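Shown next: protein24.pdb, containing PDB, C-alpha atoms.
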```
ATOM      1  CA  MET A  20       5.422  20.824  53.290
ATOM      2  CA  THR A  21       8.779  19.137  52.668
ATOM      3  CA  THR A  22       9.304  15.840  54.443
ATOM      4  CA  ALA A  23      12.256  13.458  54.624
ATOM      5  CA  TYR A  24      12.309   9.681  55.050
ATOM      6  CA  LEU A  25      15.188   7.295  55.468
ATOM      7  CA  LEU A  26      14.575   4.156  53.396
ATOM      8  CA  ARG A  27      16.380   0.968  54.435
ATOM      9  CA  CYS A  28      16.963  -2.386  52.794
ATOM     10  CA  ALA A  29      19.156  -4.533  55.043
ATOM     11  CA  ASP A  30      22.366  -2.470  55.392
ATOM     12  CA  ALA A  31      21.591  -0.165  52.455
ATOM     13  CA  ARG A  32      19.893   3.188  52.960
ATOM     14  CA  VAL A  33      18.718   6.174  50.943
ATOM     15  CA  ALA A  34      17.237   9.451  52.211
ATOM     16  CA  VAL A  35      14.284  10.768  50.208
ATOM     17  CA  HIS A  36      13.109  14.381  50.399
ATOM     18  CA  GLY A  37       9.875  15.776  49.006
ATOM     19  CA  SER A  38       6.342  16.848  49.737
ATOM     20  CA  ASP A  39       4.055  14.562  51.731
ATOM     21  CA  ASP A  40       1.616  14.042  48.875
ATOM     22  CA  VAL A  41       4.435  12.722  46.677
ATOM     23  CA  LEU A  42       6.387  10.718  49.250
ATOM     24  CA  LYS A  43       3.530   8.727  50.743
ATOM     25  CA  PRO A  44       2.560   6.943  47.462
ATOM     26  CA  LEU A  45       6.246   6.342  46.690
ATOM     27  CA  ILE A  46       6.920   4.782  50.089
ATOM     28  CA  ASP A  47       3.776   2.664  49.878
ATOM     29  CA  ALA A  48       4.912   1.353  46.479
ATOM     30  CA  CYS A  49       8.281   0.337  47.974
ATOM     31  CA  ARG A  50       6.838  -1.659  50.873
ATOM     32  CA  PRO A  51       7.614  -4.209  52.227
ATOM     33  CA  TYR A  52      10.988  -4.255  50.489
ATOM     34  CA  PHE A  53      12.163  -0.892  51.825
ATOM     35  CA  THR A  54      11.267   0.261  55.326
ATOM     36  CA  ALA A  55      10.792   4.002  55.916
ATOM     37  CA  THR A  56      11.498   6.193  58.944
ATOM     38  CA  GLU A  57      10.641   9.888  58.943
ATOM     39  CA  PHE A  58      13.330  12.293  60.103
ATOM     40  CA  LEU A  59      13.931  16.047  60.194
ATOM     41  CA  PRO A  60      16.200  17.278  57.376
ATOM     42  CA  SER A  61      18.232  19.078  60.038
ATOM     43  CA  SER A  62      18.965  15.710  61.680
ATOM     44  CA  ALA A  63      19.846  13.799  58.522
ATOM     45  CA  PRO A  64      21.913  10.616  58.985
ATOM     46  CA  ALA A  65      25.578  10.942  58.156
ATOM     47  CA  ARG A  66      26.269  10.870  54.430
ATOM     48  CA  PRO A  67      23.539   8.620  53.044
ATOM     49  CA  TRP A  68      22.754   8.795  49.376
ATOM     50  CA  ALA A  69      19.760  11.093  48.931
ATOM     51  CA  VAL A  70      17.050  11.668  46.342
ATOM     52  CA  HIS A  71      15.363  15.086  46.250
ATOM     53  CA  LEU A  72      11.996  15.206  44.500
ATOM     54  CA  ASP A  73      11.729  18.785  43.295
ATOM     55  CA  ASP A  74      11.903  20.880  40.137
ATOM     56  CA  THR A  75      15.157  22.718  40.822
ATOM     57  CA  ALA A  76      18.021  22.547  38.354
ATOM     58  CA  CYS A  77      20.673  21.716  40.948
ATOM     59  CA  GLY A  78      23.461  19.357  39.971
ATOM     60  CA  LYS A  79      24.806  18.031  36.700
ATOM     61  CA  PRO A  80      22.562  16.154  34.226
ATOM     62  CA  VAL A  81      23.422  12.450  33.957
ATOM     63  CA  PRO A  82      22.476   9.841  31.293
ATOM     64  CA  SER A  83      19.951   7.981  33.431
ATOM     65  CA  ARG A  84      17.880   5.162  31.935
ATOM     66  CA  ALA A  85      15.133   5.578  34.506
ATOM     67  CA  GLY A  86      12.974   7.474  32.032
ATOM     68  CA  ILE A  87      13.078  10.887  33.733
ATOM     69  CA  PRO A  88      15.707  13.680  33.832
ATOM     70  CA  VAL A  89      18.172  13.125  36.686
ATOM     71  CA  ARG A  90      20.741  15.579  38.030
ATOM     72  CA  LEU A  91      23.663  14.619  40.274
ATOM     73  CA  ASP A  92      25.356  16.593  43.038
ATOM     74  CA  ALA A  93      28.287  14.228  43.503
ATOM     75  CA  GLU A  94      29.851  16.145  46.398
ATOM     76  CA  HIS A  95      26.729  15.712  48.527
ATOM     77  CA  ARG A  96      25.783  12.284  47.072
ATOM     78  CA  THR A  97      22.413  13.636  45.992
ATOM     79  CA  LEU A  98      20.157  13.000  43.007
ATOM     80  CA  VAL A  99      17.603  15.634  42.023
ATOM     81  CA  VAL A 100      14.559  14.538  40.001
ATOM     82  CA  ALA A 101      11.181  16.090  39.307
ATOM     83  CA  PRO A 102       8.334  14.770  41.497
ATOM     84  CA  PRO A 103       6.084  12.159  39.889
ATOM     85  CA  ARG A 104       2.987  13.659  38.271
ATOM     86  CA  PRO A 105       0.534  12.271  39.140
ATOM     87  CA  ALA A 106       1.979  11.127  42.443
ATOM     88  CA  THR A 107       1.304   7.464  41.613
ATOM     89  CA  SER A 108       3.382   7.609  38.387
ATOM     90  CA  ASN A 109       6.508   6.796  40.340
ATOM     91  CA  ARG A 110       7.932   3.780  38.501
ATOM     92  CA  PRO A 111      11.035   5.718  37.276
ATOM     93  CA  HIS A 112      11.678   7.003  40.793
ATOM     94  CA  ILE A 113      11.489   3.468  42.186
ATOM     95  CA  ARG A 114      14.052   2.400  39.560
ATOM     96  CA  LEU A 115      16.497   5.005  40.902
ATOM     97  CA  LEU A 116      15.931   4.008  44.530
ATOM     98  CA  ARG A 117      16.365   0.358  43.586
ATOM     99  CA  ALA A 118      19.659   1.097  41.809
ATOM    100  CA  LEU A 119      21.059   2.940  44.834
ATOM    101  CA  MET A 120      20.001   0.182  47.228
ATOM    102  CA  ARG A 121      21.229  -2.700  45.082
ATOM    103  CA  ARG A 122      24.631  -1.119  44.532
ATOM    104  CA  GLN A 123      25.131  -0.789  48.278
ATOM    105  CA  LEU A 124      24.007  -4.374  48.853
ATOM    106  CA  ALA A 125      26.347  -5.650  46.138
ATOM    107  CA  ALA A 126      29.246  -3.926  47.866
ATOM    108  CA  ALA A 127      28.208  -5.759  51.054
ATOM    109  CA  GLY A 128      28.407  -9.138  49.292
ATOM    110  CA  GLU A 129      24.931  -9.924  47.917
ATOM    111  CA  THR A 130      24.672 -12.080  44.783
ATOM    112  CA  PHE A 131      22.079 -11.060  42.175
ATOM    113  CA  VAL A 132      20.187 -13.773  40.323
ATOM    114  CA  PRO A 133      17.281 -13.536  37.844
ATOM    115  CA  ALA A 134      14.769 -15.458  39.928
ATOM    116  CA  ALA A 135      11.206 -15.252  41.133
ATOM    117  CA  VAL A 136      11.001 -16.158  44.822
ATOM    118  CA  VAL A 137       7.979 -17.563  46.628
ATOM    119  CA  SER A 138       7.772 -18.306  50.336
ATOM    120  CA  VAL A 139       5.997 -21.612  50.981
ATOM    121  CA  ASP A 140       5.169 -22.078  54.660
ATOM    122  CA  GLY A 141       8.011 -19.678  55.494
ATOM    123  CA  ARG A 142      10.641 -21.446  53.338
ATOM    124  CA  GLY A 143      11.832 -19.871  50.131
ATOM    125  CA  LEU A 144      11.817 -21.366  46.657
ATOM    126  CA  ALA A 145      13.852 -19.391  44.109
ATOM    127  CA  LEU A 146      12.737 -20.068  40.520
ATOM    128  CA  ALA A 147      15.720 -19.088  38.379
ATOM    129  CA  GLY A 148      16.435 -18.924  34.687
ATOM    130  CA  PRO A 149      17.127 -16.626  31.749
ATOM    131  CA  THR A 150      14.557 -14.379  30.073
ATOM    132  CA  HIS A 151      11.364 -16.234  29.044
ATOM    133  CA  ALA A 152      12.251 -19.276  31.173
ATOM    134  CA  GLY A 153       8.865 -19.010  32.905
ATOM    135  CA  LYS A 154      10.014 -17.637  36.275
ATOM    136  CA  THR A 155       7.153 -15.223  36.889
ATOM    137  CA  THR A 156       4.474 -17.425  35.307
ATOM    138  CA  THR A 157       5.477 -20.396  37.453
ATOM    139  CA  ALA A 158       5.487 -18.207  40.560
ATOM    140  CA  LEU A 159       1.993 -16.922  39.694
ATOM    141  CA  ALA A 160       0.686 -20.478  39.335
ATOM    142  CA  LEU A 161       2.205 -21.420  42.690
ATOM    143  CA  LEU A 162       0.667 -18.383  44.433
ATOM    144  CA  ASP A 163      -2.705 -18.988  42.804
ATOM    145  CA  ARG A 164      -2.718 -22.695  43.637
ATOM    146  CA  HIS A 165      -1.789 -22.268  47.316
ATOM    147  CA  PRO A 166      -2.555 -18.668  48.402
ATOM    148  CA  ALA A 167      -2.924 -19.513  52.099
ATOM    149  CA  ARG A 168       0.539 -21.095  52.254
ATOM    150  CA  THR A 169       2.516 -18.738  50.055
ATOM    151  CA  GLN A 170       3.868 -15.190  49.893
ATOM    152  CA  LEU A 171       5.408 -13.352  46.949
ATOM    153  CA  VAL A 172       8.982 -12.271  47.655
ATOM    154  CA  ALA A 173      10.297 -11.509  44.156
ATOM    155  CA  ASN A 174       8.425 -11.671  40.876
ATOM    156  CA  ASP A 175      11.409 -11.675  38.520
ATOM    157  CA  ASP A 176      14.616 -10.555  40.182
ATOM    158  CA  SER A 177      16.236 -11.290  43.545
ATOM    159  CA  SER A 178      19.459 -11.235  45.492
ATOM    160  CA  LEU A 179      20.926 -13.895  47.764
ATOM    161  CA  ARG A 180      23.006 -13.410  50.888
ATOM    162  CA  ARG A 181      24.508 -15.804  53.424
ATOM    163  CA  ARG A 182      23.001 -15.467  56.879
ATOM    164  CA  PRO A 183      25.190 -14.983  59.979
ATOM    165  CA  GLY A 184      24.345 -18.591  60.839
ATOM    166  CA  PRO A 185      23.860 -21.417  58.351
ATOM    167  CA  GLY A 186      21.813 -20.820  55.249
ATOM    168  CA  VAL A 187      20.976 -18.155  52.690
ATOM    169  CA  VAL A 188      18.392 -15.358  52.587
ATOM    170  CA  ALA A 189      16.606 -14.494  49.325
ATOM    171  CA  ARG A 190      15.533 -10.864  48.950
ATOM    172  CA  GLY A 191      13.009  -9.188  46.650
ATOM    173  CA  TYR A 192      12.729  -5.620  45.359
ATOM    174  CA  PRO A 193       9.910  -3.227  44.433
ATOM    175  CA  ARG A 194       9.833  -4.056  40.752
ATOM    176  CA  ALA A 195       6.956  -4.232  38.295
ATOM    177  CA  VAL A 196       6.910  -7.172  35.914
ATOM    178  CA  GLU A 197       5.457  -7.527  32.419
ATOM    179  CA  ILE A 198       3.401 -10.642  31.658
ATOM    180  CA  ARG A 199       2.782 -11.486  28.019
ATOM    181  CA  HIS A 200      -0.830 -11.950  26.991
ATOM    182  CA  ALA A 201       0.101 -15.292  25.398
ATOM    183  CA  THR A 202       0.774 -16.818  28.821
ATOM    184  CA  PHE A 203      -2.536 -15.856  30.422
ATOM    185  CA  PRO A 204      -4.592 -18.753  28.997
ATOM    186  CA  HIS A 205      -2.364 -21.104  30.966
ATOM    187  CA  LEU A 206      -3.200 -19.374  34.264
ATOM    188  CA  GLY A 207      -6.915 -20.172  34.159
ATOM    189  CA  PRO A 208      -9.187 -18.020  36.355
ATOM    190  CA  ALA A 209      -6.154 -16.174  37.771
ATOM    191  CA  ALA A 210      -5.745 -14.434  34.398
ATOM    192  CA  ASP A 211      -8.886 -12.353  34.885
ATOM    193  CA  ALA A 212      -7.911 -11.345  38.426
ATOM    194  CA  LEU A 213      -4.416 -10.296  37.313
ATOM    195  CA  THR A 214      -5.667  -8.407  34.271
ATOM    196  CA  ALA A 215      -8.042  -6.435  36.509
ATOM    197  CA  VAL A 216      -5.142  -5.023  38.570
ATOM    198  CA  ALA A 217      -2.713  -4.436  35.662
ATOM    199  CA  GLN A 218      -1.109  -1.016  35.344
ATOM    200  CA  PRO A 219      -1.709   1.084  32.203
ATOM    201  CA  GLU A 220       1.991   1.479  31.339
ATOM    202  CA  GLY A 221       2.486  -2.046  29.981
ATOM    203  CA  PRO A 222       3.386  -2.721  26.325
ATOM    204  CA  ASP A 223       0.765  -3.773  23.788
ATOM    205  CA  ASP A 224       1.600  -7.488  24.009
ATOM    206  CA  ALA A 225       1.812  -7.651  27.815
ATOM    207  CA  VAL A 226       0.428  -6.289  31.058
ATOM    208  CA  CYS A 227       2.412  -4.576  33.808
ATOM    209  CA  LEU A 228       1.937  -5.841  37.356
ATOM    210  CA  HIS A 229       3.310  -4.545  40.660
ATOM    211  CA  PRO A 230       4.128  -7.107  43.388
ATOM    212  CA  GLN A 231       1.475  -5.759  45.783
ATOM    213  CA  ASP A 232      -1.163  -5.937  43.043
ATOM    214  CA  VAL A 233      -0.222  -9.518  42.204
ATOM    215  CA  ALA A 234      -0.520 -10.559  45.841
ATOM    216  CA  HIS A 235      -3.860  -8.796  46.269
ATOM    217  CA  ALA A 236      -5.307 -10.305  43.096
ATOM    218  CA  LEU A 237      -4.310 -13.847  44.094
ATOM    219  CA  GLY A 238      -5.394 -13.584  47.728
ATOM    220  CA  THR A 239      -1.941 -13.758  49.266
ATOM    221  CA  SER A 240       0.662 -11.251  50.515
ATOM    222  CA  THR A 241       4.208 -10.013  49.926
ATOM    223  CA  ALA A 242       7.345 -10.505  52.018
ATOM    224  CA  ALA A 243      10.633  -8.632  51.781
ATOM    225  CA  ASP A 244      12.823 -11.711  52.209
ATOM    226  CA  VAL A 245      12.786 -15.360  53.209
ATOM    227  CA  PRO A 246      15.288 -18.063  54.239
ATOM    228  CA  LEU A 247      16.044 -19.921  51.033
ATOM    229  CA  GLY A 248      15.217 -23.620  51.093
ATOM    230  CA  ALA A 249      15.837 -24.593  47.481
ATOM    231  CA  LEU A 250      16.803 -23.045  44.178
ATOM    232  CA  VAL A 251      14.993 -24.396  41.121
ATOM    233  CA  LEU A 252      16.365 -23.909  37.603
ATOM    234  CA  LEU A 253      13.544 -23.809  35.068
ATOM    235  CA  ALA A 254      13.783 -25.560  31.706
ATOM    236  CA  HIS A 255      11.254 -25.966  28.906
ATOM    237  CA  ALA A 256      10.273 -29.502  27.992
ATOM    238  CA  PRO A 257      11.198 -30.360  24.394
ATOM    239  CA  ARG A 258       7.544 -31.088  23.469
ATOM    240  CA  ASP A 259       4.138 -29.953  24.669
ATOM    241  CA  ASP A 260       2.912 -33.547  24.928
ATOM    242  CA  VAL A 261       5.260 -34.347  27.835
ATOM    243  CA  PRO A 262       3.015 -35.984  30.470
ATOM    244  CA  GLY A 263       4.053 -33.785  33.383
ATOM    245  CA  PRO A 264       6.769 -31.693  35.017
ATOM    246  CA  ALA A 265       9.910 -33.412  36.256
ATOM    247  CA  LEU A 266      12.329 -32.435  39.022
ATOM    248  CA  ALA A 267      15.965 -33.533  39.068
ATOM    249  CA  ARG A 268      18.466 -32.762  41.837
ATOM    250  CA  LEU A 269      21.793 -31.300  40.659
ATOM    251  CA  SER A 270      25.137 -31.971  42.266
ATOM    252  CA  PRO A 271      27.018 -28.915  43.615
ATOM    253  CA  THR A 272      29.342 -29.074  40.595
ATOM    254  CA  GLU A 273      26.422 -29.237  38.148
ATOM    255  CA  ALA A 274      24.596 -26.478  40.019
ATOM    256  CA  THR A 275      27.636 -24.171  39.992
ATOM    257  CA  ALA A 276      28.067 -24.637  36.242
ATOM    258  CA  ALA A 277      24.368 -23.938  35.599
ATOM    259  CA  LEU A 278      24.094 -20.944  37.943
ATOM    260  CA  THR A 279      27.300 -19.095  37.092
ATOM    261  CA  PRO A 280      26.096 -17.748  33.697
ATOM    262  CA  LEU A 281      22.906 -16.453  35.343
ATOM    263  CA  VAL A 282      24.540 -14.315  38.029
ATOM    264  CA  GLY A 283      24.408 -10.675  36.976
ATOM    265  CA  ASP A 284      25.286  -7.123  37.925
ATOM    266  CA  ALA A 285      23.409  -5.442  40.739
ATOM    267  CA  ASP A 286      22.555  -2.506  38.477
ATOM    268  CA  PRO A 287      23.274  -2.785  34.736
ATOM    269  CA  TYR A 288      21.181   0.309  33.915
ATOM    270  CA  GLU A 289      22.450   3.369  35.825
ATOM    271  CA  THR A 290      26.065   2.859  34.740
ATOM    272  CA  TRP A 291      26.889   6.546  35.293
ATOM    273  CA  LEU A 292      26.857   5.654  39.005
ATOM    274  CA  ASP A 293      29.910   3.419  38.545
ATOM    275  CA  LEU A 294      32.222   6.329  39.303
ATOM    276  CA  HIS A 295      30.426   7.225  42.530
ATOM    277  CA  LEU A 296      28.946   3.945  43.788
ATOM    278  CA  PRO A 297      30.837   1.102  42.079
ATOM    279  CA  THR A 298      29.753  -2.518  42.304
ATOM    280  CA  PRO A 299      32.010  -5.577  42.308
ATOM    281  CA  ARG A 300      32.022  -7.873  39.312
ATOM    282  CA  PRO A 301      30.012 -11.098  39.735
ATOM    283  CA  ARG A 302      32.339 -13.861  40.945
ATOM    284  CA  ARG A 303      32.202 -17.653  40.770
ATOM    285  CA  ALA A 304      33.171 -18.306  44.407
ATOM    286  CA  PRO A 305      29.859 -17.125  45.978
ATOM    287  CA  VAL A 306      27.952 -19.222  43.427
ATOM    288  CA  ALA A 307      29.919 -22.333  44.357
ATOM    289  CA  ARG A 308      29.244 -21.680  48.064
ATOM    290  CA  LEU A 309      25.541 -21.235  47.288
ATOM    291  CA  ALA A 310      25.453 -24.543  45.405
ATOM    292  CA  ARG A 311      27.021 -26.306  48.402
ATOM    293  CA  THR A 312      24.653 -24.657  50.898
ATOM    294  CA  VAL A 313      21.246 -24.809  49.212
ATOM    295  CA  PRO A 314      19.753 -27.755  47.283
ATOM    296  CA  VAL A 315      19.567 -26.942  43.567
ATOM    297  CA  TRP A 316      17.052 -28.653  41.300
ATOM    298  CA  ARG A 317      16.110 -28.522  37.632
ATOM    299  CA  LEU A 318      12.392 -28.385  36.820
ATOM    300  CA  THR A 319      11.459 -29.352  33.270
ATOM    301  CA  GLN A 320       7.941 -28.273  32.347
ATOM    302  CA  THR A 321       5.622 -26.839  29.708
ATOM    303  CA  LEU A 322       3.106 -24.027  30.023
ATOM    304  CA  HIS A 323       0.370 -26.681  29.992
ATOM    305  CA  THR A 324       1.739 -28.200  33.197
ATOM    306  CA  LEU A 325       2.116 -25.028  35.306
ATOM    307  CA  TYR A 326      -0.339 -26.064  38.002
ATOM    308  CA  HIS A 327       1.147 -29.557  38.192
ATOM    309  CA  SER A 328       4.498 -27.784  38.654
ATOM    310  CA  ALA A 329       2.967 -25.715  41.458
ATOM    311  CA  ASP A 330       1.934 -28.890  43.299
ATOM    312  CA  LEU A 331       5.345 -30.435  42.753
ATOM    313  CA  LEU A 332       7.102 -27.324  44.084
ATOM    314  CA  THR A 333       4.886 -27.285  47.161
ATOM    315  CA  GLU A 334       5.841 -30.893  47.834
ATOM    316  CA  LEU A 335       9.496 -29.970  47.359
ATOM    317  CA  ALA A 336       9.190 -27.213  49.966
ATOM    318  CA  ALA A 337       7.912 -29.708  52.512
ATOM    319  CA  ALA A 338       9.938 -32.792  51.498
ATOM    320  CA  PRO A 339      12.637 -34.064  53.863
ATOM    321  CA  GLY A 340      15.982 -33.321  52.259
ATOM    322  CA  GLY A 341      14.420 -30.996  49.686
ATOM    323  CA  ILE A 342      14.656 -28.048  52.021
ATOM    324  CA  ARG A 343      17.473 -27.548  54.427
TER     325      ARG A 343
END
```
Final structure tokens representation of the file:
Amino acid sequence: MTTAYLLRCADARVAVHGSDDVLKPLIDACRPYFTATEFLPSSAPARPWAVHLDDTACGKPVPSRAGIPVRLDAEHRTLVVAPPRPATSNRPHIRLLRALMRRQLAAAGETFVPAAVVSVDGRGLALAGPTHAGKTTTALALLDRHPARTQLVANDDSSLRRRPGPGVVARGYPRAVEIRHATFPHLGPAADALTAVAQPEGPDDAVCLHPQDVAHALGTSTAADVPLGALVLLAHAPRDDVPGPALARLSPTEATAALTPLVGDADPYETWLDLHLPTPRPRRAPVARLARTVPVWRLTQTLHTLYHSADLLTELAAAPGGIR
């Protein structure tokens, strides 16, 4: 039986059509980041982007990087892809849904930053930095150290948006992350728990983890978004014998200069969508506003000090003036 669900992420939405046995695992894998409402195809919302999970050859083939053949019916704003087989092998389909959502959110003004985000007592800490800066590993240590006080919002990639009132909201997405085996010794007992829930599609030198699996393994939960209290730029200490992690507050000017190179495109992968669902170029002005609105810190650490960093970040979340 063919079913249809409307997926929402803030103001973005995508209709998904397919059989129940395929859609239910896909929707579960997207929670809590995308909410789903069932509707009758005959009562479809006006002109949302749609993804049809079936084996028909409708539409024109496009050069998707999702890892599965994708066909586009541009007139009806519809993508046609084969259903995942088995139904739980839906990582490429989630990539497509994520691209459609993120492009809509970018057009609405969201800023995309490579950052893991953890909610500590309901206040968000964004751990930002380039590839291999330690974003995910630091977030894992924080979740493992304080599972009762934390929630995983984003394990590697997030977007930031000003709230109607004061402040900024940090948002996560349904995105698997790869953790290199070399980092696991620094996570102590958590390494075994995370390895036990790893997905089989990871590369030889890493394991692949979904956000829900990470939260389950570490005894915590996931959240779609959180008011952002502080943004922390991660830096490696010059030597492994540094006694402990160190936090330093950046001025708005320093923070803007450090953050601007990190801000990226909403969707650098499905570039064939540029003609149909374009995204604005990253701009400096939203970064400068962010740096004036949210405290920005630099955390210098080594892998040997991850759990000391976790304690320091927890203190930062609760410290007067550290979160506002």
Quiz item: What is the distance between atom CA of Pro314 of chain A and atom CA of Leu250 of chain A, in Å to one decimal?
Solution: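 Atom CA of Pro314 of chain A sits 6.4 Å away from atom CA of Leu250 of chain A.
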Self-check item: Output of the PyMOL selection byres ((chain A and resi 227) around 7), listed as a VMD selection string
Solution: chain A and resid 195 to 198 217 to 218 220 to 221 225 to 226 228 to 229
Practice problem: To verify the selection step, state as a PyMOL selection string which residues the PyMOL selection byres ((chain A and resi 173) around 7) yields on this input. | Solution: chain A and resi 135-137+171-172+174-177+191-192
Quiz prompt | Output of the PyMOL selection byres ((chain A and resi 336) around 12), listed as a VMD selection string | solution = chain A and resid 137 to 145 161 168 to 169 246 to 251 314 316 329 to 335 337 to 343
Those selected residues, please, written with C-alpha atoms and delivered as a PDB file, keeping the file's coordinate frame.
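Result file out_12.pdb:
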```pdb
ATOM      1  CA  VAL A 137       7.979 -17.563  46.628  1.00  0.00           C
ATOM      2  CA  SER A 138       7.772 -18.306  50.336  1.00  0.00           C
ATOM      3  CA  VAL A 139       5.997 -21.612  50.981  1.00  0.00           C
ATOM      4  CA  ASP A 140       5.169 -22.078  54.660  1.00  0.00           C
ATOM      5  CA  GLY A 141       8.011 -19.678  55.494  1.00  0.00           C
ATOM      6  CA  ARG A 142      10.641 -21.446  53.338  1.00  0.00           C
ATOM      7  CA  GLY A 143      11.832 -19.871  50.131  1.00  0.00           C
ATOM      8  CA  LEU A 144      11.817 -21.366  46.657  1.00  0.00           C
ATOM      9  CA  ALA A 145      13.852 -19.391  44.109  1.00  0.00           C
ATOM     10  CA  LEU A 161       2.205 -21.420  42.690  1.00  0.00           C
ATOM     11  CA  ARG A 168       0.539 -21.095  52.254  1.00  0.00           C
ATOM     12  CA  THR A 169       2.516 -18.738  50.055  1.00  0.00           C
ATOM     13  CA  PRO A 246      15.288 -18.063  54.239  1.00  0.00           C
ATOM     14  CA  LEU A 247      16.044 -19.921  51.033  1.00  0.00           C
ATOM     15  CA  GLY A 248      15.217 -23.620  51.093  1.00  0.00           C
ATOM     16  CA  ALA A 249      15.837 -24.593  47.481  1.00  0.00           C
ATOM     17  CA  LEU A 250      16.803 -23.045  44.178  1.00  0.00           C
ATOM     18  CA  VAL A 251      14.993 -24.396  41.121  1.00  0.00           C
ATOM     19  CA  PRO A 314      19.753 -27.755  47.283  1.00  0.00           C
ATOM     20  CA  TRP A 316      17.052 -28.653  41.300  1.00  0.00           C
ATOM     21  CA  ALA A 329       2.967 -25.715  41.458  1.00  0.00           C
ATOM     22  CA  ASP A 330       1.934 -28.890  43.299  1.00  0.00           C
ATOM     23  CA  LEU A 331       5.345 -30.435  42.753  1.00  0.00           C
ATOM     24  CA  LEU A 332       7.102 -27.324  44.084  1.00  0.00           C
ATOM     25  CA  THR A 333       4.886 -27.285  47.161  1.00  0.00           C
ATOM     26  CA  GLU A 334       5.841 -30.893  47.834  1.00  0.00           C
ATOM     27  CA  LEU A 335       9.496 -29.970  47.359  1.00  0.00           C
ATOM     28  CA  ALA A 337       7.912 -29.708  52.512  1.00  0.00           C
ATOM     29  CA  ALA A 338       9.938 -32.792  51.498  1.00  0.00           C
ATOM     30  CA  PRO A 339      12.637 -34.064  53.863  1.00  0.00           C
ATOM     31  CA  GLY A 340      15.982 -33.321  52.259  1.00  0.00           C
ATOM     32  CA  GLY A 341      14.420 -30.996  49.686  1.00  0.00           C
ATOM     33  CA  ILE A 342      14.656 -28.048  52.021  1.00  0.00           C
ATOM     34  CA  ARG A 343      17.473 -27.548  54.427  1.00  0.00           C
TER      35      ARG A 343
END
```
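Remark: for Lys43 of chain A, the closest of the candidate residues A:Pro287, A:Pro166, A:Pro305, A:Pro103 is A:Pro103 (distances computed over all atoms listed in the file).
Using all atoms listed in the file, the shortest contact distance between Cys28 of chain A and any of A:Val99, A:Pro111, A:Arg190, A:Gly184 is found at A:Arg190.
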Practice problem: Enter the distance from atom CA of Gln320 of chain A to atom CA of Gly283 of chain A, in Å, rounded to one decimal. | Solution: 24.5 Å
Exercise. Return the single residue from A:Val313, A:Ala125, A:Ala242, A:Leu162 that is closest to Cys49 of chain A, with distances computed using all atoms listed in the file.
Key: A:Ala242
Quiz item: For Pro204 of chain A, which residue out of A:Ile113, A:Leu98, A:Leu322, A:Leu119 is the nearest one, using all atoms listed in the file?
Solution: A:Leu322
Exercise. Mind checking which residues fall within 8 Å of Gly37 of chain A, counting all atoms listed in the file, ignoring those fewer than 5 positions away in the same chain, and posting them as number ranges by chain?
Key: A: 20-23, 42, 71-73, 102
Quiz item: Within 12 Å of Gly86 of chain A, counting only C-alpha atoms, which residues qualify if same-chain residues fewer than 2 places away don't, as a ChimeraX atom specification?
Solution: /A:81-84,88-89,100-101,103,108-115,288-289
Quiz item: Just how far from atom CA of Ala147 of chain A is atom CA of Val132 of chain A, in Å to one decimal?
Solution: 7.2 Å
Practice problem: List the neighbours of Leu213 of chain A out to 8 Å using all atoms listed in the file; skip same-chain residues closer than 4 positions along the sequence, and give me the result as a VMD selection string. | Solution: chain A and resid 209 217 228 232 to 233 236 to 237
Practice problem: Find the residue from A:Ser38, A:Ser240, A:Ser178, A:Thr312 that sits nearest to Met120 of chain A; use only C-alpha atoms when measuring. | Solution: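 Of the candidates, the smallest distance to Met120 of chain A is held by A:Ser178.
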Exercise. With a distance cut-off of 10 Å and all atoms listed in the file, select the neighbouring residues of Leu269 of chain A, excluding the residue or stretch itself and same-chain residues fewer than 4 positions from it, and output the selection as an NGL selection string.
Key: :A and (251-252 or 273-275 or 277 or 310 or 314-317)
Restricting the output to C-alpha atoms, write the selected residues as a compact mmCIF listing (two decimals), keeping the file's coordinate frame.
```txt
# COMPACT_ATOMS: atom_id res chain seq x y z
CA VAL A 251 14.99 -24.40 41.12
CA LEU A 252 16.36 -23.91 37.60
CA GLU A 273 26.42 -29.24 38.15
CA ALA A 274 24.60 -26.48 40.02
CA THR A 275 27.64 -24.17 39.99
CA ALA A 277 24.37 -23.94 35.60
CA ALA A 310 25.45 -24.54 45.40
CA PRO A 314 19.75 -27.76 47.28
CA VAL A 315 19.57 -26.94 43.57
CA TRP A 316 17.05 -28.65 41.30
CA ARG A 317 16.11 -28.52 37.63
```
Practice problem: May I have the protein, DNA and RNA residues with an atom at most 9 Å from (31.8, -17.1, 34.6), counting all atoms listed in the file in the file's coordinates, returned as a list in words? | Solution: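 Returned residue set, sorted by chain then number, is Ala276, Thr279, Pro280, Leu281, Val282, Pro301, Arg302 and Arg303 of chain A.
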Quiz item: Between A:Ala158, A:Leu124, A:Ala307, A:Leu116, which one has atoms that come closest to Val35 of chain A, using all atoms listed in the file?
Solution: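 When distances to Val35 of chain A are compared using all atoms listed in the file, the smallest one comes from A:Leu116.
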Practice problem: Name the residues within 6 Å of (24.6, 12.5, 38.9), counting only C-alpha atoms in the file's coordinates, and put them as a PyMOL selection string. | Solution: chain A and resi 79+81+90-92
Self-check item: Nearby residues (only C-alpha atoms) at most 8 Å from Arg121 of chain A, same-chain spacing under 5 positions excluded, as number ranges by chain
Solution: A: 31, 285-286
